[in-house]
Amino acid sequence: MGILMEDNVGSGSKEDSCITDFECVDVEKDEATFRKNPFMCEHSVDHYYYLLPRAKRSRFFRRKKPPTVIPSQSTSQKKGLKIRISLKRKTIEAVDEDLSMEKNKTETLLDEKQSKLEDREKNRRKIKPIIDPPVLPDELKEKISGMGIQISQVKLVIQKALYDTDLSYQHMRLSIPLNQVVSKDFLTPQQKMVLETRDIVSNKKNKIQFNLIDPSLEQTKIHLAKWDMNKSSNYVLLNDWMEVAERNKLKSGMVVQLWSFHQHLIPWLALALVPQ
């Protein structure tokens with residue numbers, strides 16, 4: 001039980017007396033007297049606050065919470081905050097500028113690609129359609145006959161006009177669309193199967209080597225492959241095709257014929273120019 005000292009009036013003045021000079025009293029019974037006692041000094045209150053049981057301290061003494069002091073930011077902290085905000089703003093502006101530049105570059109590339117496609121379509125429209133039926137040129141006919149091949153065994157693979165992509169070093173191939181092939185059986189079933197298989201190392205489709213007679217009647221080696229596109233498939237002549245094109249001065253718009261035959265089971269191709 002908390003206790004306090006009772007006042008002894010005959011002993012000392014108010015200035016000299018303190019609650020520590022009082023006799024013991026029951027704090028719970030004389031709470032009002034305790035609170036109104038004019039002889040309690042600040043030191044005595046703090047002293048007896050800690051002498052009271054912990055559970056009863058709050059009944060007699062309401063200790064005010066110290067005011068929350070918000071630490072003021074120093075000048076250097078404010079300056080650092082301003083610098084961080086400024087850097088963040090500049091970073092956002094730089095990122096927005098980079099995104100804008102990338103967007104402009106992408107739009108420019110798309111426009112260039114679209115214009116190239118339109119130009120290619122215009123060039124294709126300029127090429128005159130092939131009307132005359134394909135005929136084996138006399139010089140090539142004599143060349144093949146001299147090899148002991150009957151002309152009736154020679155099959156037309158395709159007659160087509162050359163495009164820029166057929167003569168481009170970026171593509172380096174002569175395209176033979178499957179839907180434009182005249183003689184579907186110019187390849188044997190075994191050769192077609194080879195073109196569908198893939199190489200174990202490179203995972204690319206296999207190619208077949210042909211002997212080729214070009215328009216200048218020179219003989220060379222060339223490879224035939226099959227490329228599968230998104231909506232179609234093409235046969236293509238690869239490897240030495242660009243040398244053949246340069247040697248015979250082939251140009252876009254020229255019409256060529258590709259013939260096929262076999263000599264002792266060896267596949268041959270013959271390329272001929274159609275006079276215009």
# chains A, B, ... in the order shown; residues from 1 in each chain; ligands from 1
call {"tool": "residues_around", "arguments": {"residues": "stretch 159-162 of chain A", "least_positions_apart": "5", "cutoff": "8 Å", "atoms": "only C-alpha atoms", "output": "list in words"}}
result
Ile127, Ile130, Pro134, Leu167, Lys251, Ser252, Gly253, Met254, Val255, Val256, Gln257 and Leu258 of chain A
call {"tool": "residues_around", "arguments": {"residues": "stretch 173-185 of chain A", "least_positions_apart": "4", "cutoff": "7 Å", "atoms": "only C-alpha atoms", "output": "VMD selection string"}}
result
chain A and resid 155 to 158 166 233 to 238 241
call {"tool": "select_by_dssp", "arguments": {"residues": "stretch 148-207 of chain A", "states": "strand (DSSP E or B)", "output": "tab-separated table (two decimals) with all heavy atoms, in the first residue's frame"}}
result
chain	number	residue	atom	x	y	z
A	155	LYS	N	12.62	-32.51	-119.90
A	155	LYS	CA	11.37	-31.98	-119.31
A	155	LYS	C	11.56	-30.53	-118.89
A	155	LYS	O	12.61	-30.14	-118.37
A	155	LYS	CB	10.97	-32.81	-118.09
A	155	LYS	CG	10.71	-34.29	-118.40
A	155	LYS	CD	10.40	-35.06	-117.14
A	155	LYS	CE	10.14	-36.53	-117.45
A	155	LYS	NZ	9.85	-37.32	-116.22
A	156	LEU	N	10.53	-29.76	-119.15
A	156	LEU	CA	10.56	-28.35	-118.72
A	156	LEU	C	10.22	-28.26	-117.24
A	156	LEU	O	9.17	-28.73	-116.79
A	156	LEU	CB	9.56	-27.52	-119.53
A	156	LEU	CG	9.46	-26.04	-119.14
A	156	LEU	CD1	10.75	-25.31	-119.45
A	156	LEU	CD2	8.28	-25.38	-119.85
A	157	VAL	N	11.12	-27.63	-116.47
A	157	VAL	CA	10.86	-27.43	-115.04
A	157	VAL	C	10.06	-26.16	-114.83
A	157	VAL	O	8.99	-26.16	-114.18
A	157	VAL	CB	12.18	-27.36	-114.26
A	157	VAL	CG1	11.91	-27.09	-112.77
A	157	VAL	CG2	12.98	-28.65	-114.44
A	158	ILE	N	10.52	-25.06	-115.39
A	158	ILE	CA	9.83	-23.78	-115.21
A	158	ILE	C	10.28	-22.80	-116.28
A	158	ILE	O	11.41	-22.88	-116.79
A	158	ILE	CB	10.10	-23.18	-113.80
A	158	ILE	CG1	9.18	-21.99	-113.52
A	158	ILE	CG2	11.56	-22.77	-113.66
A	158	ILE	CD1	9.28	-21.47	-112.09
A	159	GLN	N	9.38	-21.91	-116.66
A	159	GLN	CA	9.70	-20.75	-117.49
A	159	GLN	C	9.23	-19.54	-116.72
A	159	GLN	O	8.05	-19.41	-116.42
A	159	GLN	CB	9.01	-20.84	-118.85
A	159	GLN	CG	9.28	-19.61	-119.73
A	159	GLN	CD	8.77	-19.77	-121.14
A	159	GLN	OE1	9.16	-20.71	-121.83
A	159	GLN	NE2	7.89	-18.88	-121.57
A	160	LYS	N	10.15	-18.66	-116.39
A	160	LYS	CA	9.82	-17.53	-115.53
A	160	LYS	C	10.63	-16.30	-115.88
A	160	LYS	O	11.68	-16.39	-116.53
A	160	LYS	CB	10.05	-17.89	-114.06
A	160	LYS	CG	11.51	-18.22	-113.73
A	160	LYS	CD	11.77	-18.23	-112.22
A	160	LYS	CE	11.77	-16.84	-111.66
A	160	LYS	NZ	12.11	-16.78	-110.23
A	161	ALA	N	10.14	-15.15	-115.44
A	161	ALA	CA	10.88	-13.91	-115.55
A	161	ALA	C	11.74	-13.72	-114.31
A	161	ALA	O	11.35	-14.07	-113.20
A	161	ALA	CB	9.91	-12.74	-115.71
A	174	LEU	N	18.24	-18.72	-107.18
A	174	LEU	CA	17.18	-18.62	-108.17
A	174	LEU	C	15.97	-19.34	-107.60
A	174	LEU	O	16.02	-20.53	-107.28
A	174	LEU	CB	17.61	-19.26	-109.49
A	174	LEU	CG	16.50	-19.35	-110.55
A	174	LEU	CD1	16.05	-17.97	-111.00
A	174	LEU	CD2	16.96	-20.18	-111.75
A	175	SER	N	14.89	-18.59	-107.46
A	175	SER	CA	13.68	-19.15	-106.87
A	175	SER	C	12.85	-19.88	-107.92
A	175	SER	O	12.65	-19.38	-109.03
A	175	SER	CB	12.86	-18.03	-106.23
A	175	SER	OG	11.64	-18.54	-105.74
A	176	ILE	N	12.36	-21.07	-107.54
A	176	ILE	CA	11.51	-21.88	-108.41
A	176	ILE	C	10.26	-22.24	-107.60
A	176	ILE	O	10.24	-23.25	-106.89
A	176	ILE	CB	12.22	-23.16	-108.89
A	176	ILE	CG1	13.58	-22.81	-109.52
A	176	ILE	CG2	11.36	-23.94	-109.86
A	176	ILE	CD1	14.44	-24.02	-109.82
A	177	PRO	N	9.21	-21.41	-107.64
A	177	PRO	CA	8.01	-21.71	-106.86
A	177	PRO	C	7.39	-23.05	-107.27
A	177	PRO	O	7.28	-23.35	-108.46
A	177	PRO	CB	7.07	-20.54	-107.18
A	177	PRO	CG	7.98	-19.44	-107.64
A	177	PRO	CD	9.11	-20.12	-108.34
A	198	ARG	N	16.89	-33.76	-93.17
A	198	ARG	CA	17.75	-32.70	-92.64
A	198	ARG	C	19.12	-33.25	-92.26
A	198	ARG	O	19.24	-34.42	-91.89
A	198	ARG	CB	17.11	-32.04	-91.41
A	198	ARG	CG	15.86	-31.25	-91.72
A	198	ARG	CD	15.32	-30.57	-90.48
A	198	ARG	NE	14.14	-29.77	-90.79
A	198	ARG	CZ	14.19	-28.50	-91.19
A	198	ARG	NH1	15.37	-27.89	-91.29
A	198	ARG	NH2	13.10	-27.83	-91.46
A	205	LYS	N	17.94	-28.57	-94.30
A	205	LYS	CA	17.50	-29.56	-95.27
A	205	LYS	C	18.62	-29.89	-96.26
A	205	LYS	O	19.40	-29.00	-96.65
A	205	LYS	CB	16.27	-29.06	-96.02
A	205	LYS	CG	14.98	-29.15	-95.19
A	205	LYS	CD	13.75	-28.94	-96.05
A	205	LYS	CE	12.48	-29.24	-95.27
A	205	LYS	NZ	11.28	-29.09	-96.11
call {"tool": "atom_distance", "arguments": {"atom1": "atom CA of A:Asn248", "atom2": "atom CA of A:Ser216"}}
result
6.6 Å
call {"tool": "residues_around", "arguments": {"residues": "A:Ile144", "least_positions_apart": "3", "cutoff": "12 Å", "atoms": "only C-alpha atoms", "output": "PDB file with all heavy atoms, in the first residue's frame"}}
result
ATOM      1  N   LEU A 136      12.432 -25.559-126.614  1.00  0.00           N
ATOM      2  CA  LEU A 136      13.856 -25.773-126.348  1.00  0.00           C
ATOM      3  C   LEU A 136      14.672 -25.106-127.453  1.00  0.00           C
ATOM      4  O   LEU A 136      14.482 -25.391-128.643  1.00  0.00           O
ATOM      5  CB  LEU A 136      14.159 -27.261-126.288  1.00  0.00           C
ATOM      6  CG  LEU A 136      15.546 -27.664-125.791  1.00  0.00           C
ATOM      7  CD1 LEU A 136      15.752 -27.255-124.356  1.00  0.00           C
ATOM      8  CD2 LEU A 136      15.740 -29.175-125.966  1.00  0.00           C
ATOM      9  N   PRO A 137      15.576 -24.175-127.098  1.00  0.00           N
ATOM     10  CA  PRO A 137      16.384 -23.510-128.127  1.00  0.00           C
ATOM     11  C   PRO A 137      17.215 -24.515-128.932  1.00  0.00           C
ATOM     12  O   PRO A 137      17.616 -25.572-128.422  1.00  0.00           O
ATOM     13  CB  PRO A 137      17.287 -22.580-127.310  1.00  0.00           C
ATOM     14  CG  PRO A 137      16.552 -22.372-126.022  1.00  0.00           C
ATOM     15  CD  PRO A 137      15.846 -23.639-125.756  1.00  0.00           C
ATOM     16  N   ASP A 138      17.471 -24.168-130.197  1.00  0.00           N
ATOM     17  CA  ASP A 138      18.170 -25.084-131.105  1.00  0.00           C
ATOM     18  C   ASP A 138      19.588 -25.394-130.605  1.00  0.00           C
ATOM     19  O   ASP A 138      20.033 -26.552-130.674  1.00  0.00           O
ATOM     20  CB  ASP A 138      18.232 -24.479-132.508  1.00  0.00           C
ATOM     21  CG  ASP A 138      16.844 -24.370-133.137  1.00  0.00           C
ATOM     22  OD1 ASP A 138      15.944 -25.140-132.701  1.00  0.00           O
ATOM     23  OD2 ASP A 138      16.646 -23.510-134.009  1.00  0.00           O
ATOM     24  N   GLU A 139      20.325 -24.386-130.145  1.00  0.00           N
ATOM     25  CA  GLU A 139      21.704 -24.614-129.685  1.00  0.00           C
ATOM     26  C   GLU A 139      21.723 -25.587-128.496  1.00  0.00           C
ATOM     27  O   GLU A 139      22.563 -26.493-128.438  1.00  0.00           O
ATOM     28  CB  GLU A 139      22.352 -23.289-129.289  1.00  0.00           C
ATOM     29  CG  GLU A 139      22.559 -22.327-130.455  1.00  0.00           C
ATOM     30  CD  GLU A 139      23.218 -21.033-130.012  1.00  0.00           C
ATOM     31  OE1 GLU A 139      23.410 -20.868-128.768  1.00  0.00           O
ATOM     32  OE2 GLU A 139      23.526 -20.188-130.874  1.00  0.00           O
ATOM     33  N   LEU A 140      20.811 -25.404-127.576  1.00  0.00           N
ATOM     34  CA  LEU A 140      20.750 -26.291-126.422  1.00  0.00           C
ATOM     35  C   LEU A 140      20.282 -27.687-126.829  1.00  0.00           C
ATOM     36  O   LEU A 140      20.762 -28.697-126.285  1.00  0.00           O
ATOM     37  CB  LEU A 140      19.800 -25.707-125.365  1.00  0.00           C
ATOM     38  CG  LEU A 140      19.717 -26.435-124.032  1.00  0.00           C
ATOM     39  CD1 LEU A 140      21.092 -26.541-123.372  1.00  0.00           C
ATOM     40  CD2 LEU A 140      18.732 -25.738-123.107  1.00  0.00           C
ATOM     41  N   LYS A 141      19.400 -27.733-127.815  1.00  0.00           N
ATOM     42  CA  LYS A 141      18.925 -29.029-128.308  1.00  0.00           C
ATOM     43  C   LYS A 141      20.080 -29.829-128.918  1.00  0.00           C
ATOM     44  O   LYS A 141      20.222 -31.036-128.677  1.00  0.00           O
ATOM     45  CB  LYS A 141      17.822 -28.803-129.344  1.00  0.00           C
ATOM     46  CG  LYS A 141      17.113 -30.066-129.779  1.00  0.00           C
ATOM     47  CD  LYS A 141      16.079 -29.769-130.862  1.00  0.00           C
ATOM     48  CE  LYS A 141      14.993 -28.861-130.364  1.00  0.00           C
ATOM     49  NZ  LYS A 141      13.941 -28.648-131.379  1.00  0.00           N
ATOM     50  N   MET A 147      25.062 -35.345-126.318  1.00  0.00           N
ATOM     51  CA  MET A 147      25.361 -36.106-125.100  1.00  0.00           C
ATOM     52  C   MET A 147      24.679 -37.480-125.121  1.00  0.00           C
ATOM     53  O   MET A 147      24.806 -38.251-124.173  1.00  0.00           O
ATOM     54  CB  MET A 147      24.905 -35.330-123.861  1.00  0.00           C
ATOM     55  CG  MET A 147      25.628 -33.998-123.670  1.00  0.00           C
ATOM     56  SD  MET A 147      24.881 -32.963-122.375  1.00  0.00           S
ATOM     57  CE  MET A 147      25.056 -34.010-120.951  1.00  0.00           C
ATOM     58  N   GLY A 148      23.979 -37.758-126.217  1.00  0.00           N
ATOM     59  CA  GLY A 148      23.306 -39.054-126.329  1.00  0.00           C
ATOM     60  C   GLY A 148      21.958 -39.099-125.640  1.00  0.00           C
ATOM     61  O   GLY A 148      21.476 -40.191-125.292  1.00  0.00           O
ATOM     62  N   ILE A 149      21.355 -37.948-125.452  1.00  0.00           N
ATOM     63  CA  ILE A 149      20.059 -37.878-124.778  1.00  0.00           C
ATOM     64  C   ILE A 149      18.982 -37.603-125.825  1.00  0.00           C
ATOM     65  O   ILE A 149      19.143 -36.728-126.687  1.00  0.00           O
ATOM     66  CB  ILE A 149      20.042 -36.768-123.701  1.00  0.00           C
ATOM     67  CG1 ILE A 149      21.216 -36.937-122.733  1.00  0.00           C
ATOM     68  CG2 ILE A 149      18.724 -36.754-122.949  1.00  0.00           C
ATOM     69  CD1 ILE A 149      21.208 -38.222-121.963  1.00  0.00           C
ATOM     70  N   GLN A 150      17.892 -38.338-125.733  1.00  0.00           N
ATOM     71  CA  GLN A 150      16.768 -38.079-126.613  1.00  0.00           C
ATOM     72  C   GLN A 150      16.017 -36.838-126.131  1.00  0.00           C
ATOM     73  O   GLN A 150      15.756 -36.679-124.950  1.00  0.00           O
ATOM     74  CB  GLN A 150      15.824 -39.279-126.641  1.00  0.00           C
ATOM     75  CG  GLN A 150      16.449 -40.547-127.244  1.00  0.00           C
ATOM     76  CD  GLN A 150      15.477 -41.696-127.300  1.00  0.00           C
ATOM     77  OE1 GLN A 150      14.300 -41.561-126.939  1.00  0.00           O
ATOM     78  NE2 GLN A 150      15.953 -42.855-127.760  1.00  0.00           N
ATOM     79  N   ILE A 151      15.644 -35.990-127.070  1.00  0.00           N
ATOM     80  CA  ILE A 151      14.991 -34.727-126.734  1.00  0.00           C
ATOM     81  C   ILE A 151      13.652 -34.972-126.038  1.00  0.00           C
ATOM     82  O   ILE A 151      13.217 -34.189-125.198  1.00  0.00           O
ATOM     83  CB  ILE A 151      14.802 -33.874-127.997  1.00  0.00           C
ATOM     84  CG1 ILE A 151      16.169 -33.575-128.657  1.00  0.00           C
ATOM     85  CG2 ILE A 151      14.103 -32.572-127.671  1.00  0.00           C
ATOM     86  CD1 ILE A 151      17.134 -32.865-127.748  1.00  0.00           C
ATOM     87  N   SER A 152      13.031 -36.084-126.352  1.00  0.00           N
ATOM     88  CA  SER A 152      11.734 -36.396-125.721  1.00  0.00           C
ATOM     89  C   SER A 152      11.869 -36.642-124.211  1.00  0.00           C
ATOM     90  O   SER A 152      10.881 -36.562-123.483  1.00  0.00           O
ATOM     91  CB  SER A 152      11.110 -37.624-126.391  1.00  0.00           C
ATOM     92  OG  SER A 152      11.978 -38.751-126.279  1.00  0.00           O
ATOM     93  N   GLN A 153      13.080 -36.922-123.763  1.00  0.00           N
ATOM     94  CA  GLN A 153      13.302 -37.162-122.331  1.00  0.00           C
ATOM     95  C   GLN A 153      13.564 -35.865-121.553  1.00  0.00           C
ATOM     96  O   GLN A 153      13.613 -35.892-120.329  1.00  0.00           O
ATOM     97  CB  GLN A 153      14.488 -38.110-122.139  1.00  0.00           C
ATOM     98  CG  GLN A 153      14.271 -39.500-122.726  1.00  0.00           C
ATOM     99  CD  GLN A 153      15.487 -40.395-122.567  1.00  0.00           C
ATOM    100  OE1 GLN A 153      16.546 -39.948-122.087  1.00  0.00           O
ATOM    101  NE2 GLN A 153      15.372 -41.651-122.977  1.00  0.00           N
ATOM    102  N   VAL A 154      13.728 -34.785-122.276  1.00  0.00           N
ATOM    103  CA  VAL A 154      13.993 -33.494-121.634  1.00  0.00           C
ATOM    104  C   VAL A 154      12.660 -32.899-121.165  1.00  0.00           C
ATOM    105  O   VAL A 154      11.707 -32.810-121.935  1.00  0.00           O
ATOM    106  CB  VAL A 154      14.704 -32.541-122.593  1.00  0.00           C
ATOM    107  CG1 VAL A 154      14.997 -31.215-121.902  1.00  0.00           C
ATOM    108  CG2 VAL A 154      15.995 -33.158-123.116  1.00  0.00           C
ATOM    109  N   LEU A 212      24.880 -28.491-114.499  1.00  0.00           N
ATOM    110  CA  LEU A 212      24.097 -27.434-115.154  1.00  0.00           C
ATOM    111  C   LEU A 212      24.766 -26.997-116.451  1.00  0.00           C
ATOM    112  O   LEU A 212      25.968 -26.762-116.494  1.00  0.00           O
ATOM    113  CB  LEU A 212      23.955 -26.227-114.217  1.00  0.00           C
ATOM    114  CG  LEU A 212      23.252 -25.001-114.809  1.00  0.00           C
ATOM    115  CD1 LEU A 212      21.771 -25.283-115.033  1.00  0.00           C
ATOM    116  CD2 LEU A 212      23.449 -23.774-113.914  1.00  0.00           C
ATOM    117  N   ILE A 213      23.951 -26.865-117.485  1.00  0.00           N
ATOM    118  CA  ILE A 213      24.379 -26.235-118.745  1.00  0.00           C
ATOM    119  C   ILE A 213      23.761 -24.845-118.771  1.00  0.00           C
ATOM    120  O   ILE A 213      22.536 -24.705-118.775  1.00  0.00           O
ATOM    121  CB  ILE A 213      23.905 -27.056-119.970  1.00  0.00           C
ATOM    122  CG1 ILE A 213      24.442 -28.494-119.884  1.00  0.00           C
ATOM    123  CG2 ILE A 213      24.348 -26.384-121.256  1.00  0.00           C
ATOM    124  CD1 ILE A 213      23.903 -29.400-120.991  1.00  0.00           C
ATOM    125  N   LEU A 217      26.311 -22.346-122.788  1.00  0.00           N
ATOM    126  CA  LEU A 217      26.613 -23.756-123.050  1.00  0.00           C
ATOM    127  C   LEU A 217      27.805 -24.268-122.240  1.00  0.00           C
ATOM    128  O   LEU A 217      28.368 -25.315-122.555  1.00  0.00           O
ATOM    129  CB  LEU A 217      26.843 -24.002-124.548  1.00  0.00           C
ATOM    130  CG  LEU A 217      25.666 -23.623-125.470  1.00  0.00           C
ATOM    131  CD1 LEU A 217      26.008 -23.936-126.920  1.00  0.00           C
ATOM    132  CD2 LEU A 217      24.393 -24.359-125.058  1.00  0.00           C
ATOM    133  N   GLN A 219      29.391 -25.817-118.739  1.00  0.00           N
ATOM    134  CA  GLN A 219      28.904 -26.754-117.732  1.00  0.00           C
ATOM    135  C   GLN A 219      29.496 -26.394-116.369  1.00  0.00           C
ATOM    136  O   GLN A 219      30.667 -26.018-116.266  1.00  0.00           O
ATOM    137  CB  GLN A 219      29.288 -28.189-118.101  1.00  0.00           C
ATOM    138  CG  GLN A 219      28.684 -28.667-119.419  1.00  0.00           C
ATOM    139  CD  GLN A 219      29.064 -30.102-119.745  1.00  0.00           C
ATOM    140  OE1 GLN A 219      29.597 -30.827-118.905  1.00  0.00           O
ATOM    141  NE2 GLN A 219      28.812 -30.525-120.975  1.00  0.00           N
ATOM    142  N   TRP A 259      15.375 -26.572-117.844  1.00  0.00           N
ATOM    143  CA  TRP A 259      15.027 -27.904-118.334  1.00  0.00           C
ATOM    144  C   TRP A 259      15.747 -28.950-117.491  1.00  0.00           C
ATOM    145  O   TRP A 259      16.790 -28.678-116.889  1.00  0.00           O
ATOM    146  CB  TRP A 259      15.415 -28.069-119.815  1.00  0.00           C
ATOM    147  CG  TRP A 259      14.737 -27.053-120.708  1.00  0.00           C
ATOM    148  CD1 TRP A 259      15.138 -25.782-120.953  1.00  0.00           C
ATOM    149  CD2 TRP A 259      13.556 -27.256-121.469  1.00  0.00           C
ATOM    150  NE1 TRP A 259      14.288 -25.153-121.825  1.00  0.00           N
ATOM    151  CE2 TRP A 259      13.291 -26.052-122.161  1.00  0.00           C
ATOM    152  CE3 TRP A 259      12.678 -28.334-121.660  1.00  0.00           C
ATOM    153  CZ2 TRP A 259      12.213 -25.875-123.020  1.00  0.00           C
ATOM    154  CZ3 TRP A 259      11.588 -28.160-122.521  1.00  0.00           C
ATOM    155  CH2 TRP A 259      11.357 -26.954-123.172  1.00  0.00           C
ATOM    156  N   SER A 260      15.206 -30.179-117.506  1.00  0.00           N
ATOM    157  CA  SER A 260      15.777 -31.254-116.698  1.00  0.00           C
ATOM    158  C   SER A 260      15.834 -32.545-117.516  1.00  0.00           C
ATOM    159  O   SER A 260      14.923 -32.835-118.306  1.00  0.00           O
ATOM    160  CB  SER A 260      14.930 -31.475-115.435  1.00  0.00           C
ATOM    161  OG  SER A 260      15.363 -32.623-114.736  1.00  0.00           O
ATOM    162  N   PHE A 261      16.910 -33.315-117.285  1.00  0.00           N
ATOM    163  CA  PHE A 261      17.036 -34.641-117.907  1.00  0.00           C
ATOM    164  C   PHE A 261      18.064 -35.443-117.110  1.00  0.00           C
ATOM    165  O   PHE A 261      18.757 -34.901-116.224  1.00  0.00           O
ATOM    166  CB  PHE A 261      17.442 -34.531-119.393  1.00  0.00           C
ATOM    167  CG  PHE A 261      18.750 -33.832-119.617  1.00  0.00           C
ATOM    168  CD1 PHE A 261      19.938 -34.547-119.695  1.00  0.00           C
ATOM    169  CD2 PHE A 261      18.797 -32.443-119.781  1.00  0.00           C
ATOM    170  CE1 PHE A 261      21.142 -33.909-119.914  1.00  0.00           C
ATOM    171  CE2 PHE A 261      19.998 -31.795-119.998  1.00  0.00           C
ATOM    172  CZ  PHE A 261      21.168 -32.526-120.061  1.00  0.00           C
ATOM    173  N   HIS A 262      18.166 -36.716-117.403  1.00  0.00           N
ATOM    174  CA  HIS A 262      19.114 -37.609-116.720  1.00  0.00           C
ATOM    175  C   HIS A 262      20.012 -38.288-117.757  1.00  0.00           C
ATOM    176  O   HIS A 262      19.553 -38.656-118.840  1.00  0.00           O
ATOM    177  CB  HIS A 262      18.371 -38.685-115.915  1.00  0.00           C
ATOM    178  CG  HIS A 262      17.726 -38.150-114.676  1.00  0.00           C
ATOM    179  ND1 HIS A 262      16.543 -37.450-114.697  1.00  0.00           N
ATOM    180  CD2 HIS A 262      18.120 -38.221-113.366  1.00  0.00           C
ATOM    181  CE1 HIS A 262      16.207 -37.108-113.468  1.00  0.00           C
ATOM    182  NE2 HIS A 262      17.155 -37.571-112.640  1.00  0.00           N
ATOM    183  N   GLN A 263      21.277 -38.386-117.408  1.00  0.00           N
ATOM    184  CA  GLN A 263      22.255 -39.095-118.234  1.00  0.00           C
ATOM    185  C   GLN A 263      22.914 -40.168-117.370  1.00  0.00           C
ATOM    186  O   GLN A 263      23.689 -39.842-116.475  1.00  0.00           O
ATOM    187  CB  GLN A 263      23.307 -38.124-118.784  1.00  0.00           C
ATOM    188  CG  GLN A 263      24.316 -38.805-119.701  1.00  0.00           C
ATOM    189  CD  GLN A 263      25.464 -37.875-120.071  1.00  0.00           C
ATOM    190  OE1 GLN A 263      25.906 -37.089-119.244  1.00  0.00           O
ATOM    191  NE2 GLN A 263      25.937 -37.981-121.308  1.00  0.00           N
ATOM    192  N   TRP A 268      20.702 -33.721-114.566  1.00  0.00           N
ATOM    193  CA  TRP A 268      21.203 -32.554-115.264  1.00  0.00           C
ATOM    194  C   TRP A 268      20.098 -31.496-115.309  1.00  0.00           C
ATOM    195  O   TRP A 268      18.917 -31.795-115.320  1.00  0.00           O
ATOM    196  CB  TRP A 268      21.608 -32.912-116.718  1.00  0.00           C
ATOM    197  CG  TRP A 268      22.930 -33.596-116.831  1.00  0.00           C
ATOM    198  CD1 TRP A 268      23.201 -34.896-116.575  1.00  0.00           C
ATOM    199  CD2 TRP A 268      24.145 -32.995-117.268  1.00  0.00           C
ATOM    200  NE1 TRP A 268      24.521 -35.170-116.807  1.00  0.00           N
ATOM    201  CE2 TRP A 268      25.134 -34.012-117.237  1.00  0.00           C
ATOM    202  CE3 TRP A 268      24.530 -31.731-117.678  1.00  0.00           C
ATOM    203  CZ2 TRP A 268      26.450 -33.780-117.608  1.00  0.00           C
ATOM    204  CZ3 TRP A 268      25.844 -31.508-118.043  1.00  0.00           C
ATOM    205  CH2 TRP A 268      26.803 -32.528-118.007  1.00  0.00           C
ATOM    206  N   LEU A 269      20.567 -30.237-115.351  1.00  0.00           N
ATOM    207  CA  LEU A 269      19.681 -29.096-115.571  1.00  0.00           C
ATOM    208  C   LEU A 269      20.270 -28.260-116.708  1.00  0.00           C
ATOM    209  O   LEU A 269      21.495 -28.204-116.883  1.00  0.00           O
ATOM    210  CB  LEU A 269      19.549 -28.235-114.329  1.00  0.00           C
ATOM    211  CG  LEU A 269      18.795 -28.838-113.131  1.00  0.00           C
ATOM    212  CD1 LEU A 269      18.898 -27.915-111.920  1.00  0.00           C
ATOM    213  CD2 LEU A 269      17.333 -29.124-113.454  1.00  0.00           C
ATOM    214  N   ALA A 270      19.392 -27.614-117.461  1.00  0.00           N
ATOM    215  CA  ALA A 270      19.842 -26.735-118.550  1.00  0.00           C
ATOM    216  C   ALA A 270      19.060 -25.428-118.471  1.00  0.00           C
ATOM    217  O   ALA A 270      17.823 -25.431-118.353  1.00  0.00           O
ATOM    218  CB  ALA A 270      19.614 -27.411-119.896  1.00  0.00           C
ATOM    219  N   LEU A 271      19.800 -24.336-118.475  1.00  0.00           N
ATOM    220  CA  LEU A 271      19.188 -23.001-118.391  1.00  0.00           C
ATOM    221  C   LEU A 271      19.280 -22.330-119.750  1.00  0.00           C
ATOM    222  O   LEU A 271      20.355 -22.277-120.363  1.00  0.00           O
ATOM    223  CB  LEU A 271      19.919 -22.156-117.336  1.00  0.00           C
ATOM    224  CG  LEU A 271      19.318 -20.798-117.027  1.00  0.00           C
ATOM    225  CD1 LEU A 271      17.996 -20.932-116.298  1.00  0.00           C
ATOM    226  CD2 LEU A 271      20.300 -19.964-116.173  1.00  0.00           C
TER     227      LEU A 271
END
call {"tool": "select_by_dssp", "arguments": {"residues": "stretch 68-207 of chain A", "states": "alpha helix (DSSP H)", "output": "MDAnalysis selection string"}}
result
chainID A and resid 75:126 138:146 189:196
call {"tool": "atom_distance", "arguments": {"atom1": "atom CA of A:Asp240", "atom2": "atom CA of A:Tyr163"}}
result
17.7 Å
call {"tool": "atom_distance", "arguments": {"atom1": "atom CA of A:Lys113", "atom2": "atom CA of A:Lys249"}}
result
28.1 Å
call {"tool": "residues_around", "arguments": {"residues": "A:Ile208", "least_positions_apart": "4", "cutoff": "9 Å", "atoms": "only C-alpha atoms", "output": "MDAnalysis selection string"}}
result
chainID A and resid 191 194:195 222:225
call {"tool": "decode", "arguments": {"residues": "stretch 114-118 of chain A", "atoms": "N, CA, C and O atoms", "output": "compact mmCIF listing (two decimals), in the first residue's frame"}}
result
# COMPACT_ATOMS: atom_id res chain seq x y z
N GLN A 114 8.02 -0.88 -96.24
CA GLN A 114 6.78 -0.83 -97.01
C GLN A 114 7.02 -0.26 -98.40
O GLN A 114 6.47 -0.75 -99.41
N SER A 115 7.86 0.79 -98.49
CA SER A 115 8.16 1.39 -99.79
C SER A 115 8.91 0.42 -100.69
O SER A 115 8.67 0.35 -101.90
N LYS A 116 9.83 -0.37 -100.09
CA LYS A 116 10.55 -1.37 -100.89
C LYS A 116 9.60 -2.43 -101.43
O LYS A 116 9.72 -2.85 -102.59
N LEU A 117 8.67 -2.85 -100.58
CA LEU A 117 7.70 -3.85 -101.04
C LEU A 117 6.84 -3.30 -102.16
O LEU A 117 6.55 -3.99 -103.15
N GLU A 118 6.44 -2.03 -102.03
CA GLU A 118 5.63 -1.41 -103.09
C GLU A 118 6.43 -1.29 -104.39
O GLU A 118 5.90 -1.55 -105.47
